[in-house]
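Asker: Enclosed is the structure file run-v4.tsv (TSV, C-alpha atoms and all ligand atoms).
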```tsv
chain	number	residue	atom	x	y	z
A	1	MET	CA	18.82	-28.13	-0.82
A	2	SER	CA	21.94	-27.99	1.33
A	3	GLU	CA	23.39	-25.38	-1.05
A	4	GLU	CA	20.38	-23.18	-0.29
A	5	GLU	CA	20.98	-23.52	3.44
A	6	ASP	CA	24.56	-22.45	3.01
A	7	ILE	CA	23.74	-19.06	1.54
A	8	VAL	CA	25.02	-16.28	3.79
A	9	LEU	CA	23.04	-13.18	2.87
A	10	SER	CA	25.65	-10.73	4.09
A	11	GLU	CA	28.25	-12.23	1.70
A	12	LEU	CA	26.15	-11.51	-1.39
A	13	ASN	CA	26.63	-8.33	-3.38
A	14	ASP	CA	23.65	-5.98	-3.66
A	15	ASP	CA	22.24	-7.44	-6.88
A	16	GLU	CA	22.61	-11.01	-5.68
A	17	LEU	CA	21.05	-10.11	-2.36
A	18	VAL	CA	18.01	-8.52	-3.99
A	19	GLU	CA	17.63	-11.60	-6.22
A	20	GLN	CA	17.86	-13.81	-3.14
A	21	MET	CA	15.27	-11.65	-1.38
A	22	PHE	CA	12.92	-12.16	-4.33
A	23	ASP	CA	13.33	-15.93	-3.81
A	24	ASP	CA	12.93	-15.64	-0.04
A	25	LEU	CA	9.79	-13.54	-0.38
A	26	TYR	CA	8.44	-16.07	-2.86
A	27	ASP	CA	9.13	-18.81	-0.32
A	28	GLY	CA	7.56	-16.78	2.50
A	29	LEU	CA	10.75	-16.67	4.58
A	30	LYS	CA	10.05	-13.80	6.93
A	31	GLU	CA	13.28	-13.94	8.97
A	32	GLU	CA	15.41	-13.98	5.84
A	33	ILE	CA	13.52	-10.99	4.46
A	34	GLU	CA	14.04	-9.11	7.72
A	35	GLU	CA	17.75	-9.96	7.61
A	36	GLY	CA	17.98	-8.83	3.97
A	37	VAL	CA	16.29	-5.53	4.78
A	38	ASN	CA	18.70	-4.92	7.66
A	39	ILE	CA	21.72	-5.70	5.50
A	40	LEU	CA	20.58	-3.29	2.78
A	41	LEU	CA	20.01	-0.60	5.42
A	42	GLU	CA	23.53	-1.16	6.75
A	43	ARG	CA	24.82	-0.79	3.21
A	44	GLY	CA	23.24	2.64	2.98
A	45	TRP	CA	20.17	1.83	0.89
A	46	THR	CA	17.28	4.22	1.51
A	47	PRO	CA	14.17	2.71	3.08
A	48	TYR	CA	12.24	3.79	-0.03
A	49	ASP	CA	14.58	1.90	-2.38
A	50	ILE	CA	14.42	-1.22	-0.23
A	51	LEU	CA	10.63	-1.05	-0.25
A	52	THR	CA	10.21	-0.50	-3.94
A	53	LYS	CA	13.14	-2.46	-5.38
A	54	ALA	CA	13.45	-5.45	-3.06
A	55	LEU	CA	10.00	-5.91	-1.45
A	56	VAL	CA	7.53	-4.64	-4.04
A	57	GLY	CA	9.74	-6.14	-6.77
A	58	GLY	CA	9.52	-9.53	-5.07
A	59	MET	CA	5.78	-9.25	-4.56
A	60	THR	CA	5.30	-8.51	-8.26
A	61	ILE	CA	6.80	-11.91	-9.09
A	62	VAL	CA	4.53	-13.56	-6.52
A	63	GLY	CA	1.58	-11.76	-8.14
A	64	HIS	CA	2.39	-13.10	-11.59
A	65	ASP	CA	2.64	-16.70	-10.39
A	66	PHE	CA	-0.54	-16.31	-8.34
A	67	ARG	CA	-2.32	-15.09	-11.45
A	68	ASP	CA	-0.94	-17.98	-13.49
A	69	GLY	CA	-2.03	-20.62	-10.99
A	70	ILE	CA	1.52	-21.54	-9.94
A	71	LEU	CA	1.11	-20.18	-6.41
A	72	PHE	CA	-2.02	-20.48	-4.28
A	73	VAL	CA	-3.56	-18.53	-1.40
A	74	PRO	CA	-1.58	-20.21	1.45
A	75	GLU	CA	1.75	-19.53	-0.25
A	76	VAL	CA	0.77	-15.97	-1.08
A	77	LEU	CA	-0.26	-15.40	2.53
A	78	LEU	CA	3.20	-16.51	3.64
A	79	ALA	CA	4.81	-14.18	1.10
A	80	ALA	CA	2.60	-11.33	2.33
A	81	ASN	CA	3.62	-12.10	5.90
A	82	ALA	CA	7.30	-12.01	4.96
A	83	MET	CA	6.76	-8.71	3.17
A	84	LYS	CA	5.06	-7.27	6.25
A	85	GLY	CA	8.09	-8.30	8.34
A	86	GLY	CA	10.28	-6.18	6.07
A	87	MET	CA	7.81	-3.30	6.03
A	88	PHE	CA	7.65	-3.31	9.83
A	89	ILE	CA	11.39	-2.54	9.99
A	90	LEU	CA	11.10	0.21	7.39
A	91	LYS	CA	8.00	1.90	8.77
A	92	PRO	CA	9.63	4.02	11.50
A	93	LEU	CA	12.47	4.94	9.15
A	94	LEU	CA	10.09	6.22	6.51
A	95	ALA	CA	8.21	8.21	9.11
A	96	GLU	CA	11.42	9.69	10.52
A	97	THR	CA	11.74	12.59	8.12
A	98	GLY	CA	10.61	15.09	10.76
A	99	ALA	CA	8.48	16.84	8.15
A	100	PRO	CA	5.84	19.15	9.59
A	101	ARG	CA	2.26	17.82	9.52
A	102	VAL	CA	0.92	18.71	6.12
A	103	GLY	CA	-2.54	17.20	6.36
A	104	LYS	CA	-4.60	14.29	7.56
A	105	MET	CA	-5.88	11.22	5.74
A	106	VAL	CA	-8.32	8.47	6.64
A	107	ILE	CA	-7.62	5.34	4.60
A	108	GLY	CA	-9.14	1.87	4.38
A	109	THR	CA	-9.68	-1.09	2.07
A	110	VAL	CA	-13.28	-1.40	0.91
A	111	LYS	CA	-15.92	-3.92	1.90
A	112	GLY	CA	-15.34	-7.48	0.69
A	113	ASP	CA	-11.61	-6.91	0.22
A	114	ILE	CA	-8.91	-8.02	2.63
A	115	HIS	CA	-5.80	-6.97	0.69
A	116	ASP	CA	-3.86	-4.50	2.83
A	117	ILE	CA	-0.22	-4.45	1.77
A	118	GLY	CA	-0.64	-1.65	-0.78
A	119	LYS	CA	-2.77	0.38	1.62
A	120	ASN	CA	-0.19	-0.07	4.37
A	121	LEU	CA	2.54	1.05	2.04
A	122	VAL	CA	0.58	4.15	1.09
A	123	SER	CA	0.02	4.89	4.80
A	124	MET	CA	3.73	4.53	5.54
A	125	MET	CA	4.77	6.79	2.69
A	126	MET	CA	2.16	9.38	3.60
A	127	GLU	CA	3.35	9.40	7.19
A	128	GLY	CA	6.90	9.73	5.94
A	129	ALA	CA	5.83	12.77	3.94
A	130	GLY	CA	4.35	14.42	7.03
A	131	PHE	CA	0.69	13.41	6.85
A	132	GLU	CA	-1.22	12.14	9.85
A	133	VAL	CA	-2.83	8.86	8.81
A	134	VAL	CA	-5.83	7.13	10.36
A	135	ASP	CA	-5.90	3.59	8.99
A	136	ILE	CA	-9.25	1.83	9.39
A	137	GLY	CA	-8.00	-1.50	8.04
A	138	ILE	CA	-9.72	-3.87	5.63
A	139	ASN	CA	-13.23	-4.89	4.62
A	140	ASN	CA	-14.85	-1.54	5.42
A	141	PRO	CA	-18.55	-0.93	4.82
A	142	VAL	CA	-19.58	2.64	4.07
A	143	GLU	CA	-20.59	3.18	7.71
A	144	ASN	CA	-16.98	2.74	8.85
A	145	TYR	CA	-15.77	5.41	6.48
A	146	LEU	CA	-18.53	7.83	7.50
A	147	GLU	CA	-17.99	7.34	11.23
A	148	THR	CA	-14.26	7.86	10.95
A	149	LEU	CA	-14.60	10.90	8.71
A	150	GLU	CA	-16.99	12.44	11.20
A	151	ALA	CA	-14.70	11.70	14.15
A	152	GLU	CA	-11.37	12.57	12.53
A	153	LYS	CA	-12.26	15.41	10.12
A	154	PRO	CA	-9.39	14.61	7.72
A	155	ASP	CA	-8.45	16.50	4.55
A	156	ILE	CA	-8.35	13.30	2.54
A	157	LEU	CA	-10.31	10.09	2.25
A	158	GLY	CA	-8.22	7.29	0.73
A	159	MET	CA	-9.73	4.03	-0.45
A	160	SER	CA	-7.99	0.87	-1.64
A	161	ALA	CA	-9.39	-2.07	-3.64
A	162	LEU	CA	-7.49	-4.94	-5.22
A	163	LEU	CA	-10.34	-6.90	-6.76
A	164	THR	CA	-12.45	-6.09	-9.79
A	165	THR	CA	-15.41	-7.28	-7.72
A	166	THR	CA	-14.77	-4.85	-4.85
A	167	MET	CA	-13.65	-1.73	-6.67
A	168	PRO	CA	-17.26	-0.67	-7.53
A	169	TYR	CA	-17.84	-0.32	-3.78
A	170	MET	CA	-15.76	2.86	-3.86
A	171	LYS	CA	-18.62	4.44	-5.80
A	172	VAL	CA	-21.05	3.38	-3.08
A	173	VAL	CA	-18.97	5.31	-0.55
A	174	ILE	CA	-18.65	8.38	-2.80
A	175	ASP	CA	-22.37	8.34	-3.66
A	176	THR	CA	-23.23	8.16	0.03
A	177	LEU	CA	-21.01	11.19	0.69
A	178	ILE	CA	-22.85	13.04	-2.09
A	179	GLU	CA	-26.27	12.04	-0.70
A	180	GLN	CA	-25.30	13.31	2.72
A	181	GLY	CA	-23.94	16.59	1.33
A	182	LEU	CA	-20.42	15.71	2.52
A	183	ARG	CA	-18.58	15.08	-0.74
A	184	GLU	CA	-17.06	18.57	-0.99
A	185	GLU	CA	-15.60	18.31	2.52
A	186	TYR	CA	-12.98	15.76	1.49
A	187	ILE	CA	-10.38	15.11	-1.15
A	188	VAL	CA	-11.11	11.55	-2.30
A	189	LEU	CA	-8.12	9.56	-3.56
A	190	VAL	CA	-8.40	5.97	-4.74
A	191	GLY	CA	-5.90	3.27	-5.61
A	192	GLY	CA	-5.32	-0.43	-6.15
A	193	ALA	CA	-3.97	-2.65	-8.91
A	194	PRO	CA	-7.15	-3.11	-11.00
A	195	LEU	CA	-8.10	0.59	-11.04
A	196	ASN	CA	-7.13	3.21	-13.58
A	197	GLU	CA	-7.55	6.91	-14.15
A	198	GLU	CA	-10.75	6.49	-16.11
A	199	PHE	CA	-12.35	4.45	-13.33
A	200	GLY	CA	-11.35	7.07	-10.78
A	201	LYS	CA	-13.07	9.76	-12.82
A	202	ALA	CA	-16.13	7.62	-13.51
A	203	ILE	CA	-16.85	7.03	-9.82
A	204	GLY	CA	-16.31	10.68	-8.90
A	205	ALA	CA	-13.00	10.46	-7.04
A	206	ASP	CA	-10.68	13.46	-7.15
A	207	ALA	CA	-7.80	11.32	-8.35
A	208	TYR	CA	-6.58	7.79	-8.98
A	209	CYS	CA	-3.10	7.08	-7.57
A	210	ARG	CA	-1.04	4.48	-9.39
A	211	ASP	CA	1.31	3.85	-6.48
A	212	ALA	CA	2.30	5.12	-3.06
A	213	ALA	CA	4.69	7.76	-4.40
A	214	VAL	CA	1.98	9.15	-6.68
A	215	ALA	CA	-0.44	9.09	-3.73
A	216	VAL	CA	1.94	11.30	-1.72
A	217	GLU	CA	2.46	13.77	-4.58
A	218	THR	CA	-1.26	13.91	-5.38
A	219	ALA	CA	-2.17	14.36	-1.73
A	220	LYS	CA	0.33	17.21	-1.29
A	221	ASP	CA	-0.91	18.88	-4.44
A	222	PHE	CA	-4.60	18.71	-3.50
A	223	VAL	CA	-4.03	19.74	0.12
A	224	SER	CA	-2.00	22.79	-0.86
A	225	ARG	CA	-4.69	23.78	-3.39
A	226	LYS	CA	-7.34	23.37	-0.69
A	227	HIS	CA	-5.38	25.52	1.74
A	228	ASN	CA	-4.81	28.17	-0.92
A	229	GLN	CA	-8.54	28.24	-1.68
A	230	LEU	CA	-9.34	28.65	1.99
A	231	ALA	CA	-6.80	31.44	2.30
A	232	GLY	CA	-8.02	33.20	-0.85
D	1	LIG	CO1	-5.13	-11.57	-3.92
D	1	LIG	N1	-5.62	-11.12	-5.76
D	1	LIG	N2	-6.80	-12.57	-3.74
D	1	LIG	N3	-4.44	-12.09	-2.19
D	1	LIG	N4	-3.49	-10.84	-4.46
D	1	LIG	C1	-4.73	-10.20	-6.47
D	1	LIG	C2	-5.19	-8.76	-6.26
D	1	LIG	C3	-4.87	-10.69	-7.98
D	1	LIG	C4	-4.62	-9.60	-9.03
D	1	LIG	C5	-3.96	-11.92	-8.19
D	1	LIG	C6	-4.04	-12.46	-9.58
D	1	LIG	O1	-4.93	-13.20	-9.92
D	1	LIG	N5	-3.08	-12.09	-10.38
D	1	LIG	C7	-6.35	-11.23	-7.98
D	1	LIG	C8	-7.42	-10.19	-8.35
D	1	LIG	C9	-8.02	-10.40	-9.71
D	1	LIG	C10	-8.99	-9.32	-10.01
D	1	LIG	O2	-9.94	-9.10	-9.34
D	1	LIG	N6	-8.71	-8.61	-11.08
D	1	LIG	C11	-6.51	-11.72	-6.55
D	1	LIG	C12	-7.48	-12.65	-6.11
D	1	LIG	C13	-8.34	-13.26	-7.21
D	1	LIG	C14	-7.64	-13.00	-4.75
D	1	LIG	C15	-8.68	-13.98	-4.14
D	1	LIG	C16	-10.10	-13.85	-4.72
D	1	LIG	C17	-8.09	-15.38	-4.31
D	1	LIG	C18	-8.99	-16.51	-3.87
D	1	LIG	O3	-9.37	-16.57	-2.74
D	1	LIG	N7	-9.30	-17.36	-4.82
D	1	LIG	C19	-8.65	-13.61	-2.64
D	1	LIG	C20	-9.65	-12.50	-2.28
D	1	LIG	C21	-9.64	-12.17	-0.82
D	1	LIG	C22	-10.48	-10.92	-0.53
D	1	LIG	O4	-9.95	-9.81	-0.52
D	1	LIG	N8	-11.76	-11.07	-0.33
D	1	LIG	C23	-7.22	-13.10	-2.54
D	1	LIG	C24	-6.46	-13.23	-1.38
D	1	LIG	C25	-5.15	-12.79	-1.25
D	1	LIG	C26	-4.29	-13.07	-0.02
D	1	LIG	C27	-5.07	-12.97	1.29
D	1	LIG	C28	-3.69	-14.44	-0.14
D	1	LIG	C29	-3.14	-12.00	-0.19
D	1	LIG	C30	-3.40	-10.67	0.57
D	1	LIG	C31	-2.59	-10.52	1.83
D	1	LIG	C32	-2.65	-9.12	2.37
D	1	LIG	O5	-2.85	-8.14	1.67
D	1	LIG	N9	-2.49	-9.04	3.66
D	1	LIG	C33	-3.22	-11.71	-1.69
D	1	LIG	C34	-2.18	-11.06	-2.41
D	1	LIG	C35	-0.89	-10.79	-1.66
D	1	LIG	C36	-2.33	-10.69	-3.77
D	1	LIG	C37	-1.26	-10.16	-4.75
D	1	LIG	C38	-0.36	-11.33	-5.13
D	1	LIG	C39	-0.37	-9.03	-4.28
D	1	LIG	C40	-1.10	-7.79	-3.78
D	1	LIG	C41	-0.07	-6.89	-3.14
D	1	LIG	O6	0.08	-6.88	-1.94
D	1	LIG	N10	0.72	-6.18	-3.99
D	1	LIG	C42	-2.18	-9.63	-5.94
D	1	LIG	C43	-1.49	-9.67	-7.28
D	1	LIG	C44	-1.08	-8.30	-7.77
D	1	LIG	O7	-1.59	-7.27	-7.35
D	1	LIG	N11	-0.20	-8.29	-8.72
D	1	LIG	C45	-3.46	-10.32	-5.71
D	1	LIG	C46	1.82	-5.34	-3.54
D	1	LIG	C47	1.28	-3.93	-3.22
D	1	LIG	C48	2.44	-3.05	-2.78
D	1	LIG	O8	0.72	-3.41	-4.40
D	1	LIG	O9	-1.63	-3.61	-3.54
D	1	LIG	O10	-1.21	-2.86	-5.92
D	1	LIG	P1	-0.79	-2.88	-4.50
D	1	LIG	O11	-0.70	-1.38	-3.98
D	1	LIG	C49	-0.02	-0.36	-4.67
D	1	LIG	C50	-0.91	0.42	-5.66
D	1	LIG	O12	-1.98	-0.34	-6.18
D	1	LIG	C51	-1.33	1.64	-4.90
D	1	LIG	O13	-0.18	1.91	-4.12
D	1	LIG	C52	0.33	0.68	-3.60
D	1	LIG	C53	1.79	0.84	-3.31
D	1	LIG	O14	2.54	1.28	-4.41
D	1	LIG	N12	-2.49	1.61	-4.00
D	1	LIG	C54	-3.06	2.77	-3.56
D	1	LIG	C55	-3.13	0.58	-3.42
D	1	LIG	N13	-4.09	1.04	-2.63
D	1	LIG	C56	-4.08	2.38	-2.68
D	1	LIG	C57	-4.88	3.33	-2.05
D	1	LIG	C58	-4.63	4.68	-2.30
D	1	LIG	C59	-3.61	5.06	-3.18
D	1	LIG	C60	-2.81	4.12	-3.83
D	1	LIG	O15	-5.40	5.55	-1.66
D	1	LIG	C61	-5.09	6.89	-1.67
```
Using structure tokens, write down the structure from this file.
Ligand code: B1M
Answerer:
Amino acid sequence: MSEEEDIVLSELNDDELVEQMFDDLYDGLKEEIEEGVNILLERGWTPYDILTKALVGGMTIVGHDFRDGILFVPEVLLAANAMKGGMFILKPLLAETGAPRVGKMVIGTVKGDIHDIGKNLVSMMMEGAGFEVVDIGINNPVENYLETLEAEKPDILGMSALLTTTMPYMKVVIDTLIEQGLREEYIVLVGGAPLNEEFGKAIGADAYCRDAAVAVETAKDFVSRKHNQLAG
């Protein structure tokens, strides 16, 4: 135990530090994660690499042990909180690219689902790529999506679901858009760990996005096609 306390993060090399951050994320140690993020930034790591290699990498390990019944909800909540501490530092840096506004997206996690880390990451990366993002949070019934679409008039609707029990709700939202004659107004992108391309097609989304980087590329692609269509 005392050995653990003696670890000085700044004395570790990059690989050791990332390993230690995996352990700290696993143990829900928010301050240590924040310190690790700051050290990697000082060492010239890009915010994107810190996010994907240190934070998402650590959360993947947490996910495996959660699945296997080694970790439980309280521990995973602490890990999520530590991850958010790191993401909070990176957020302004990812958004700092000064890219011109390329489009607007409304995004939210669907009804019955409170997972928000992946959605937040997508929002951060989209903002970093020059999109304006309106994040409506978690546990959203169809009415929330409709109201925000009406008020914000975005190019894109993004939906996130992390549970096999909540992902069908994305179809409820898309079907409601169809019923109201609104489906063609928006590019609908969906994502979340249990989804796949086939599911995205089956529910009538424009595309399934495997991760935040794919979400950015897909969004750019669809928005530029939409603008070209409007121009032509
Ligand atoms: Co939950 N949980 N969880 N959980 N949780 C999973 C999803 C699970 C796979 C764990 C497991 O068993 N291995 C499992 C789901 C099983 C299933 O349905 N197939 C599960 C379960 C069962 C549950 C509960 C039911 C547990 C319980 O209570 N018994 C419960 C449900 C609560 C609810 O929502 N109603 C629950 C609760 C929780 C916590 C609250 C403790 C916590 C969430 C904290 C928070 O989000 N603030 C939590 C966590 C942290 C997880 C795991 C461990 C990690 C999720 C995460 O943040 N990943 C997760 C295991 C896993 O996914 N491996 C698990 C990191 C994140 C960066 O990745 O979210 O996949 P991800 O996002 C990616 C892509 O998917 C994509 O881009 C993101 C970035 O690259 N993406 C999008 C996501 N959304 C997108 C939207 C887009 C585009 C791309 O729109 C354009």
Asker: For the point (3.2, 4.2, 1.5) in the file's frame, write as JSON, numbers by chain all residues with an atom no more than 12 Å away, counting only C-alpha atoms.
Answerer: {"A": [47, 48, 51, 52, 56, 87, 90, 91, 92, 94, 95, 107, 116, 117, 118, 119, 120, 121, 122, 123, 124, 125, 126, 127, 128, 129, 130, 131, 133, 135, 158, 191, 209, 210, 211, 212, 213, 214, 215, 216, 217, 219]}
Asker: What's around segment 165-168 of chain A at 12 Å? Count all atoms listed in the file, leave out sequence neighbours fewer than 3 positions away in its own chain, and write the answer as a VMD selection string.
Answerer: chain A and resid 109 to 115 138 to 141 159 to 162 171 to 175 190 to 196 199 to 200 202 to 205
Asker: Between A:Glu152, A:Asp68, A:Asp24, A:Glu75, which has the minimum distance to Val106 of chain A (counting all atoms listed in the file)?
Answerer: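 Result for the nearest residue to Val106 of chain A: A:Glu152.
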Asker: Of the candidates A:Thr218, A:Asn144, A:Gln20, A:Gln229, which shows the shortest atom-to-atom distance to ligand LIG 1 (chain D), using only C-alpha atoms and all ligand atoms?
Answerer: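 Of A:Thr218, A:Asn144, A:Gln20, A:Gln229, the one nearest ligand LIG 1 (chain D) is A:Thr218, counting only C-alpha atoms and all ligand atoms.
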Asker: When you count all atoms listed in the file, which of these residues is closest to Leu146 of chain A: A:Glu198, A:Asp6, A:Glu42, A:Glu185?
Answerer: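 Ranking A:Glu198, A:Asp6, A:Glu42, A:Glu185 by distance to Leu146 of chain A, first place goes to A:Glu185.
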Asker: Which of these, A:Ile50, A:Leu230, A:Leu55, A:Val37, has the shortest distance to ligand LIG 1 (chain D) once you count all atoms listed in the file?
Answerer: A:Leu55
Asker: What is the atom CA of Gly85 of chain A to atom C10 of ligand LIG 1 (chain D) distance in Å?
Answerer: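 We find that atom CA of Gly85 of chain A and atom C10 of ligand LIG 1 (chain D) lie 25.1 Å from each other.
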Asker: If you measure from atom O5 of ligand LIG 1 (chain D) to atom CA of Gly137 of chain A, what distance in Å do you get, rounded to one decimal?
Answerer: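 Computed distance, atom O5 of ligand LIG 1 (chain D) to atom CA of Gly137 of chain A, equals 10.5 Å.
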Asker: Let me make sure I understand: among A:Gly108, A:Gly181, A:Gly86, A:Gly63, which one has the smallest atom-to-atom distance to ligand LIG 1 (chain D) if we use all atoms listed in the file?
Answerer: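 Distance minimum relative to ligand LIG 1 (chain D) lands on A:Gly63.
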Asker: Between atom CA of Gly44 of chain A and atom C58 of ligand LIG 1 (chain D), what is the spacing in Å?
Answerer: 28.4 Å
Asker: Of the residues A:Ser224, A:Asn81, A:Asn38, A:Ser10, which is the one nearest to ligand LIG 1 (chain D), using all atoms listed in the file?
Answerer: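 The answer is A:Asn81, which sits nearest to ligand LIG 1 (chain D).
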Asker: Find the spatial neighbours of Gly36 of chain A, counting only C-alpha atoms, within a cut-off of 8 Å - ignore same-chain residues fewer than 5 positions away - and output them as a list in words.
Answerer: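 After dropping sequence-adjacent residues, the list is Leu9, Ser10, Leu17, Val18 and Met21 of chain A.
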Asker: Would you mind exporting the chosen residues as a PDB file, in the coordinates of the input, restricted to C-alpha atoms?
Answerer:
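Just written: selection-v1.pdb:
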```
ATOM      1  CA  LEU A   9      23.040 -13.180   2.870  1.00  0.00           C
ATOM      2  CA  SER A  10      25.650 -10.730   4.090  1.00  0.00           C
ATOM      3  CA  LEU A  17      21.050 -10.110  -2.360  1.00  0.00           C
ATOM      4  CA  VAL A  18      18.010  -8.520  -3.990  1.00  0.00           C
ATOM      5  CA  MET A  21      15.270 -11.650  -1.380  1.00  0.00           C
TER       6      MET A  21
END
```
Asker: I'd like the contact shell of Phe22 of chain A - 10 Å cut-off, only C-alpha atoms, skipping same-chain residues fewer than 2 positions apart - returned as a short mmCIF file (atom, residue, chain, number, x, y, z; two decimals) with C-alpha atoms, in the frame of the given file.
Answerer:
```cif
data_model
loop_
_atom_site.label_atom_id
_atom_site.label_comp_id
_atom_site.auth_asym_id
_atom_site.auth_seq_id
_atom_site.Cartn_x
_atom_site.Cartn_y
_atom_site.Cartn_z
CA GLU A 16 22.61 -11.01 -5.68
CA LEU A 17 21.05 -10.11 -2.36
CA VAL A 18 18.01 -8.52 -3.99
CA GLU A 19 17.63 -11.60 -6.22
CA GLN A 20 17.86 -13.81 -3.14
CA ASP A 24 12.93 -15.64 -0.04
CA LEU A 25 9.79 -13.54 -0.38
CA TYR A 26 8.44 -16.07 -2.86
CA ASP A 27 9.13 -18.81 -0.32
CA GLY A 28 7.56 -16.78 2.50
CA ILE A 33 13.52 -10.99 4.46
CA LYS A 53 13.14 -2.46 -5.38
CA ALA A 54 13.45 -5.45 -3.06
CA LEU A 55 10.00 -5.91 -1.45
CA VAL A 56 7.53 -4.64 -4.04
CA GLY A 57 9.74 -6.14 -6.77
CA GLY A 58 9.52 -9.53 -5.07
CA MET A 59 5.78 -9.25 -4.56
CA THR A 60 5.30 -8.51 -8.26
CA ILE A 61 6.80 -11.91 -9.09
CA VAL A 62 4.53 -13.56 -6.52
CA ALA A 79 4.81 -14.18 1.10
#
```
